[in-house]
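Chemist: Below is one structure. I have some questions about it.
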Amino acid sequence: MDKLMTLEEWARANYTTPPSQGTLWRWAREARIHPAPEKQGRSYYVRPDARYIDPTKPLSVSSSRPPLPRKRRRSAASIPLVERIGNGKAT
């Protein structure tokens with residue numbers, strides 16, 4: 001198991017200008033750091049390889065498959081009168 005470090009130590013190791021303690025604690029409470037920090041007593045401890053995850057940016061998923069084509073919806077004008085009435089008899 002990796003040795004845990006405090007959030008402040010982690011921030012100093014990963015940022016040239018580390019965020020404030022309040023910001024780091026908010027990130028920990030809101031699960032913005034992965035793997036999640038552990039709260040022991042009054043302090044949060046995190047693995048050295050933990051990373052901040054920005055919730056406003058979507059996760060990039062690399063896929064070699066192209067996206068699926070969208071199905072075209074039929075307009076009411078293109079549906080035969082028999083289907084629009086619903087009883088199976090045309091009037």
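For the structure tokens, the naming scheme is as follows: chains receive sequential letters (A, B, ...) according to their order of presentation, residues are indexed from 1 within each chain, and ligands are indexed from 1 in presentation order.
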At a cut-off of 9 Å, using only C-alpha atoms, what residues contact Glu8 of chain A? Leave out same-chain residues fewer than 3 positions from it and give the result as an MDAnalysis selection string.
Modeler: chainID A and resid 5 11:13 18:21 24 44
Chemist: In Å, with one decimal, what is the gap from atom CA of Trp25 of chain A to atom CA of Pro48 of chain A?
Modeler: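 Between atom CA of Trp25 of chain A and atom CA of Pro48 of chain A the gap works out to 16.2 Å.
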Chemist: Of the candidates A:His34, A:Thr17, A:Val46, A:Gly41, which one gets nearest to Leu4 of chain A if we count only C-alpha atoms?
Modeler: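 Closest candidate: A:Val46.
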Chemist: Between A:Gly22, A:Thr56, A:Lys3, A:Thr16, which one has atoms that come closest to Ser43 of chain A, using only C-alpha atoms?
Modeler: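 Answer, going by the shortest atom-to-atom distance: A:Gly22.
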